[in-house]
Structure formats: C-alpha cells, structure tokens
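**Student:** Take a look at query35.txt, compact mmCIF, C-alpha atoms and all ligand atoms:
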```txt
# COMPACT_ATOMS: atom_id res chain seq x y z
CA MET A 1 79.26 34.03 -10.64
CA GLY A 2 77.47 32.38 -13.58
CA VAL A 3 77.38 33.52 -17.19
CA VAL A 4 76.22 37.15 -17.53
CA VAL A 5 74.48 38.20 -20.75
CA ALA A 6 74.06 41.99 -20.84
CA VAL A 7 71.54 43.51 -23.26
CA ASP A 8 71.00 47.25 -23.73
CA GLY A 9 68.75 49.11 -26.11
CA PRO A 10 66.22 51.89 -26.60
CA ALA A 11 62.50 51.84 -25.82
CA GLY A 12 60.54 49.54 -28.11
CA SER A 13 63.58 47.64 -29.39
CA GLY A 14 61.91 44.48 -28.07
CA LYS A 15 64.76 43.89 -25.67
CA SER A 16 62.56 43.00 -22.70
CA SER A 17 60.55 40.28 -24.41
CA VAL A 18 63.54 39.07 -26.47
CA SER A 19 65.85 38.91 -23.44
CA ARG A 20 63.24 37.13 -21.35
CA GLU A 21 62.64 34.46 -23.99
CA ALA A 22 66.39 34.03 -24.54
CA ALA A 23 66.74 33.43 -20.78
CA VAL A 24 64.01 30.76 -20.97
CA ARG A 25 65.78 28.98 -23.85
CA LEU A 26 69.17 29.18 -22.12
CA GLY A 27 67.81 28.07 -18.72
CA TYR A 28 69.10 31.29 -17.15
CA ALA A 29 67.65 33.79 -14.69
CA PHE A 30 66.29 37.10 -16.01
CA LEU A 31 66.62 40.65 -14.69
CA ASP A 32 64.65 43.55 -16.21
CA THR A 33 66.37 46.64 -14.77
CA GLY A 34 63.86 49.01 -16.38
CA ALA A 35 61.20 47.43 -14.17
CA ALA A 36 63.12 48.64 -11.10
CA TYR A 37 63.21 52.24 -12.37
CA ARG A 38 59.53 51.96 -13.28
CA ALA A 39 58.64 50.59 -9.83
CA LEU A 40 60.40 53.52 -8.16
CA ALA A 41 58.58 55.98 -10.44
CA TRP A 42 55.32 54.25 -9.55
CA ALA A 43 56.13 54.59 -5.81
CA VAL A 44 56.91 58.31 -6.21
CA LEU A 45 53.60 58.92 -8.01
CA ARG A 46 51.69 56.83 -5.50
CA ALA A 47 53.11 58.88 -2.64
CA GLY A 48 51.77 61.99 -4.39
CA LEU A 49 55.32 63.26 -4.88
CA ASP A 50 57.05 64.85 -7.87
CA PRO A 51 59.25 62.60 -10.06
CA GLU A 52 61.09 65.70 -11.31
CA SER A 53 62.15 66.63 -7.76
CA THR A 54 65.43 65.02 -6.67
CA HIS A 55 64.43 65.59 -3.07
CA ASP A 56 61.10 63.79 -3.48
CA VAL A 57 62.68 60.91 -5.40
CA GLU A 58 65.42 60.43 -2.80
CA ALA A 59 62.79 60.42 -0.04
CA VAL A 60 61.05 57.45 -1.70
CA LEU A 61 64.34 55.71 -2.52
CA ASP A 62 65.09 55.62 1.18
CA GLY A 63 63.28 52.45 2.29
CA PHE A 64 62.28 51.39 -1.23
CA ALA A 65 61.72 47.61 -1.04
CA LEU A 66 61.70 46.05 -4.48
CA HIS A 67 61.22 42.37 -5.24
CA SER A 68 61.02 40.71 -8.64
CA ALA A 69 61.02 37.24 -10.13
CA ASP A 70 64.32 35.59 -11.07
CA ASP A 71 62.61 32.97 -13.19
CA PRO A 72 62.01 34.31 -16.74
CA ALA A 73 58.79 32.29 -16.90
CA GLU A 74 57.39 34.49 -14.10
CA ARG A 75 56.75 38.20 -14.45
CA TRP A 76 55.90 39.60 -11.04
CA VAL A 77 57.32 42.81 -9.58
CA ARG A 78 56.44 43.93 -6.04
CA VAL A 79 57.06 47.08 -4.03
CA GLY A 80 56.79 46.04 -0.39
CA ASP A 81 53.84 43.67 -0.59
CA VAL A 82 52.03 45.48 -3.43
CA ASP A 83 52.06 43.70 -6.78
CA VAL A 84 52.92 46.37 -9.38
CA THR A 85 53.54 44.08 -12.39
CA GLU A 86 50.83 45.75 -14.50
CA ALA A 87 50.80 49.20 -12.88
CA ILE A 88 54.42 49.95 -13.82
CA ARG A 89 53.54 49.67 -17.54
CA ALA A 90 50.97 52.49 -17.40
CA PRO A 91 51.65 55.51 -19.64
CA GLU A 92 51.90 57.86 -16.63
CA VAL A 93 54.69 55.71 -15.19
CA SER A 94 56.48 55.64 -18.57
CA ALA A 95 56.23 59.43 -18.65
CA ALA A 96 57.63 59.78 -15.10
CA VAL A 97 60.42 57.22 -15.23
CA SER A 98 63.14 59.27 -16.96
CA GLY A 99 62.85 61.91 -14.23
CA VAL A 100 63.49 59.32 -11.56
CA ALA A 101 66.29 57.60 -13.52
CA ARG A 102 68.37 60.78 -13.87
CA VAL A 103 68.95 61.01 -10.08
CA PRO A 104 72.50 59.79 -9.28
CA ALA A 105 71.53 58.26 -5.91
CA VAL A 106 68.83 56.24 -7.67
CA ARG A 107 71.28 54.87 -10.21
CA SER A 108 73.90 53.92 -7.66
CA THR A 109 71.43 52.30 -5.25
CA LEU A 110 69.65 50.31 -7.95
CA ASN A 111 72.97 49.31 -9.56
CA ASP A 112 74.18 47.84 -6.25
CA GLY A 113 71.04 45.72 -6.11
CA PHE A 114 71.43 44.61 -9.75
CA ARG A 115 75.06 43.59 -9.20
CA ALA A 116 74.08 41.51 -6.16
CA ARG A 117 71.48 39.72 -8.30
CA LEU A 118 74.04 39.04 -11.05
CA ALA A 119 76.56 37.71 -8.55
CA ALA A 120 73.99 35.25 -7.18
CA ALA A 121 72.76 33.93 -10.55
CA SER A 122 73.55 30.36 -11.53
CA PRO A 123 74.17 28.98 -14.11
CA GLY A 124 73.62 32.35 -15.77
CA VAL A 125 71.47 35.45 -16.13
CA VAL A 126 70.21 37.63 -18.95
CA VAL A 127 70.04 41.24 -17.74
CA GLU A 128 68.60 44.06 -19.80
CA GLY A 129 68.47 47.83 -19.57
CA ARG A 130 70.25 50.95 -20.83
CA ASP A 131 73.65 50.91 -19.12
CA ILE A 132 74.22 47.22 -18.44
CA THR A 133 76.97 46.73 -21.05
CA THR A 134 78.76 49.89 -19.93
CA VAL A 135 78.14 50.54 -16.22
CA VAL A 136 76.37 47.70 -14.42
CA ALA A 137 78.25 44.75 -15.96
CA PRO A 138 81.01 45.98 -18.31
CA ASP A 139 82.78 42.64 -17.76
CA ALA A 140 79.75 40.56 -18.80
CA ASP A 141 80.53 37.42 -20.82
CA VAL A 142 78.25 38.57 -23.64
CA ARG A 143 77.37 42.22 -24.30
CA VAL A 144 74.74 43.16 -26.87
CA LEU A 145 73.08 46.36 -28.04
CA LEU A 146 69.66 45.44 -29.40
CA THR A 147 68.38 48.08 -31.80
CA ALA A 148 65.72 48.58 -34.44
CA ARG A 149 64.93 51.49 -36.75
CA PRO A 150 62.80 54.16 -35.01
CA GLU A 151 59.72 53.54 -37.20
CA VAL A 152 59.91 49.80 -36.50
CA ARG A 153 60.11 50.44 -32.75
CA ALA A 154 57.16 52.84 -32.84
CA ALA A 155 55.07 50.33 -34.80
CA ARG A 156 55.87 47.54 -32.31
CA ARG A 157 54.94 49.71 -29.34
CA ALA A 158 51.72 50.79 -31.04
CA ARG A 159 50.79 47.12 -31.49
CA GLU A 160 51.38 46.56 -27.77
CA LEU A 161 49.18 49.56 -26.92
CA PRO A 162 46.39 49.28 -29.53
CA ASP A 163 44.06 51.75 -27.77
CA GLN A 164 46.50 54.60 -28.06
CA ASP A 165 47.17 57.05 -30.86
CA HIS A 166 50.05 55.83 -33.06
CA GLY A 167 51.60 59.29 -33.46
CA LYS A 168 51.46 59.94 -29.73
CA VAL A 169 53.11 56.60 -28.96
CA ALA A 170 55.94 57.38 -31.41
CA ALA A 171 56.40 60.85 -29.92
CA ALA A 172 56.45 59.51 -26.34
CA ILE A 173 59.12 56.93 -27.26
CA ALA A 174 61.27 59.53 -29.00
CA GLU A 175 60.99 61.86 -26.02
CA ARG A 176 61.88 59.17 -23.48
CA ASP A 177 64.90 58.02 -25.53
CA ALA A 178 66.08 61.61 -25.92
CA ARG A 179 65.86 62.21 -22.17
CA ASP A 180 67.39 58.86 -21.22
CA SER A 181 70.28 59.25 -23.64
CA ARG A 182 71.33 62.43 -21.86
CA VAL A 183 72.03 60.25 -18.81
CA VAL A 184 73.40 57.06 -20.42
CA ASP A 185 74.47 56.46 -24.01
CA PHE A 186 72.60 53.42 -25.27
CA LEU A 187 72.13 54.50 -28.88
CA GLU A 188 75.68 53.59 -29.95
CA ALA A 189 77.40 50.33 -29.06
CA ALA A 190 80.35 50.77 -26.70
CA GLU A 191 83.66 49.11 -27.57
CA GLY A 192 83.39 45.32 -27.55
CA VAL A 193 79.57 45.39 -27.62
CA THR A 194 77.84 43.50 -30.45
CA THR A 195 75.00 45.32 -32.21
CA LEU A 196 71.97 43.18 -33.01
CA ASP A 197 69.52 45.01 -35.30
CA SER A 198 66.09 43.39 -35.08
CA SER A 199 64.38 45.63 -37.68
CA ASP A 200 64.18 42.87 -40.29
CA LEU A 201 63.90 39.91 -37.92
CA ASP A 202 60.75 38.54 -36.32
CA PHE A 203 60.57 37.82 -32.59
CA ASP A 204 61.76 34.24 -32.85
CA GLY A 205 64.61 35.18 -35.21
CA THR A 206 65.79 37.87 -32.81
CA VAL A 207 65.71 35.51 -29.82
CA GLU A 208 67.64 32.88 -31.77
CA ALA A 209 70.23 35.46 -32.87
CA LEU A 210 70.77 36.44 -29.22
CA VAL A 211 70.95 32.81 -28.05
CA ALA A 212 73.47 32.09 -30.84
CA LEU A 213 75.69 34.94 -29.62
CA VAL A 214 75.67 33.39 -26.14
CA ARG A 215 76.38 29.87 -27.42
CA ARG A 216 79.24 31.15 -29.60
CA ALA A 217 80.82 33.16 -26.76
CA PRO A 218 84.21 31.85 -25.62
O1 LIG B 1 63.31 49.34 -20.41
P1 LIG B 1 62.17 50.18 -19.91
O2 LIG B 1 61.49 50.95 -21.01
O3 LIG B 1 61.21 49.46 -19.05
O4 LIG B 1 62.90 51.25 -18.97
C1 LIG B 1 62.16 52.24 -18.30
C2 LIG B 1 63.07 53.42 -17.99
O5 LIG B 1 63.98 53.09 -16.96
C3 LIG B 1 63.91 53.96 -19.13
O6 LIG B 1 63.17 54.83 -19.95
C4 LIG B 1 65.03 54.66 -18.37
O7 LIG B 1 64.61 55.94 -17.94
C5 LIG B 1 65.20 53.81 -17.13
N1 LIG B 1 66.30 52.85 -17.20
C6 LIG B 1 67.57 53.31 -16.94
N2 LIG B 1 68.62 52.43 -16.88
C7 LIG B 1 68.41 51.11 -17.07
C8 LIG B 1 67.10 50.63 -17.36
C9 LIG B 1 66.07 51.54 -17.45
O8 LIG B 1 67.77 54.51 -16.77
N3 LIG B 1 69.43 50.26 -16.97
```
Could you express the structure from this file as structure tokens?

**Tutor:**
Amino acid sequence: MGVVVAVDGPAGSGKSSVSREAAVRLGYAFLDTGAAYRALAWAVLRAGLDPESTHDVEAVLDGFALHSADDPAERWVRVGDVDVTEAIRAPEVSAAVSGVARVPAVRSTLNDGFRARLAAASPGVVVEGRDITTVVAPDADVRVLLTARPEVRAARRARELPDQDHGKVAAAIAERDARDSRVVDFLEAAEGVTTLDSSDLDFDGTVEALVALVRRAP
C-alpha cells in the first residue's frame, strides 16, 4: 500500500477541491468518497425511489456499479455507463444524500470499495470524506480535519452556486452537517488527527498547508 492521506471535514470546508489539488501536487491518486454517496443518492432518485426508505436504498445498493477517476486531474464519475459527474452536484441530490448515507449497509459496502481503492494506490492517495480518519482509514499515514468557520463555508458555497439564495445555501449546509454528524462525528478532530482551519487561508495557502503536512510526516 502507498502513502494514505485522509482528509475529513464538513460541507463547504473546501476539502474536495483542496484535497484534489494536493493530490496533483503530490503526484498521488485522489478519492472523493462523498461522490460515491452522491452517486447512490442520484441512482435512488433516478429509479423514482425514496432516499429516506432503507428498503428502497438497499434495493438500489444491490447491483450499484460505481466507477470514478483515480487521476486527480480527471473528474468523471459514472454509474454503470451513465456519466453523473455534474448530476451528482445538483441541489436535489445534496438534499437526498444524508438519507442514503445513514443506512448501515450503504456505509459498509461503500467502505469496502474505498479500502480496496486505497490498497491499490501507488505511490499514494489523498482520500476525503467524513469518516476517513476514523473509520475508513484510521491507520492512514496523514490524518487531517479540514475546517472553516460556518460563515466562511456558507460564503464559499454561495460563490460556487451564484444563482441560489445565500441564506438558503447556508441553511442547507447547516442542515446537512447536522444530519451527517448524527451518523459520523466529523466536527471534532479524533485523537491523532491534525486540524487545519482554512478560514483565514486562500485556496493555494490551504493546499500548501496540506502538502506540507504530508511532506513533514514521518
Ligand atoms: O463531501 P460531500 O459534500 O460531497 O458529501 C456528500 C454526502 O455524502 C455528505 O453530506 C454525507 O451525507 C455523505 N458522506 C458520508 N461519508 C463520507 C463522505 C460523504 O456520509 N465519507
């Protein structure tokens, strides 16, 4: 197994874009675990099923064929042969994803797939999500909790989604974090996990801080 860099954090902390760019600079693979949960939520909605129903979610999980890029310079995510790269970022998927992610069979099935990807990565991989430092890869070489103050996160998300109401974006983030944190605790750093607060850093500064943690790791 290569070097594993595990990054957790709340919605809008910038962890996806920061982790991806850190992987580029390190020459590592990249795994966005949130994209897998989003792709499953997308598949449940597309089947006309209910993301709040464990039965419906498990029915879609059975036979769920997810593929995504290893190379951080690529962004594609596919379910079967459908490209869902853009579709999984839609607000209705964001609203449905916590319902899907609370199902234990979903977490264990996706985690098995993530661990297989980590085991195959060479010379290393940056993997980001909510429970990577604690559940998926507690033995990772580098474990980071990437945070930012709530108002900073809401402002960043609003910039990414300029057509949407600022207040609504902030409320949707707060609601998703509240729901997700009932399932996994990603708001406090677990023992041995380094907190990186990006509130007062720009994108490049945050990437460099993460890369520096990896380069300094024993
Ligand atoms: O990181 P992103 O916002 O794309 O994650 C989407 C959703 O996937 C989260 O809101 C959460 O419900 C779920 N998730 C999770 N565990 C992970 C990664 C994401 O439950 N490791």

**Student:** Of the residues A:Ala11, A:Val136, A:Val127, A:Ala35, which is the one nearest to A:Glu151, using only C-alpha atoms?

**Tutor:**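 Comparing A:Ala11, A:Val136, A:Val127, A:Ala35 against A:Glu151, the winner is A:Ala11.
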
**Student:** Select, from A:Ala23, A:Val214, A:Ala172, A:Val3, the residue with the minimum atom-to-atom distance to ligand LIG 1 (chain B), counting all atoms listed in the file.

**Tutor:**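 Of all the options, A:Ala172 lies closest to ligand LIG 1 (chain B).
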
**Student:** Give me the residues within 8 Å of stretch 53-61 of chain A as a list in words, counting only C-alpha atoms and dropping any in the same chain fewer than 2 places off.

**Tutor:**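 Those residues are Leu40, Ala43, Val44, Leu49, Asp50, Pro51, Gly63, Phe64, Val100, Val103, Ala105 and Val106 of chain A.
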
**Student:** Nearest residue to A:Glu52 out of A:Phe30, A:Ser98, A:Glu92, A:Gly9, using all atoms listed in the file?

**Tutor:** A:Ser98

**Student:** From the set A:Gln164, A:Ser94, A:Ser17, A:Ser198, which residue has the shortest atom-to-atom contact distance to ligand LIG 1 (chain B), counting only C-alpha atoms and all ligand atoms?

**Tutor:**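 Nearest candidate to ligand LIG 1 (chain B) out of A:Gln164, A:Ser94, A:Ser17, A:Ser198: A:Ser94.
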
**Student:** Find the axis-aligned box for ligand LIG 1 (chain B), covering all its listed atoms and adding 3 Å on each side, and write its centre and edge lengths in Å to one decimal as JSON.

**Tutor:**
```
{"center_x": 65.3, "center_y": 52.6, "center_z": -18.9, "size_x": 14.2, "size_y": 12.6, "size_z": 10.2}
```

**Student:** Name each residue within 8 Å of ligand LIG 1 (chain B), counting all atoms listed in the file, as JSON, numbers by chain.

**Tutor:** {"A": [8, 9, 10, 11, 12, 15, 16, 32, 33, 34, 35, 36, 37, 38, 89, 94, 97, 98, 99, 100, 101, 102, 107, 128, 129, 130, 131, 132, 136, 176, 177, 179, 180, 183, 184]}

**Student:** Considering only C-alpha atoms, can you say which of A:Gly14, A:Gly2, A:Gly80, A:Gly205 comes closest to A:Ala154?

**Tutor:**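 Using only C-alpha atoms, A:Ala154 sits closest to A:Gly14.
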
**Student:** Go through A:Arg78, A:Arg182, A:Arg117, A:Arg156 one by one, measure the shortest atom-to-atom distance of each to A:Leu31 using all atoms listed in the file, and give the residue with the smallest value.

**Tutor:**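 Among the listed residues, the smallest separation from A:Leu31 belongs to A:Arg117.
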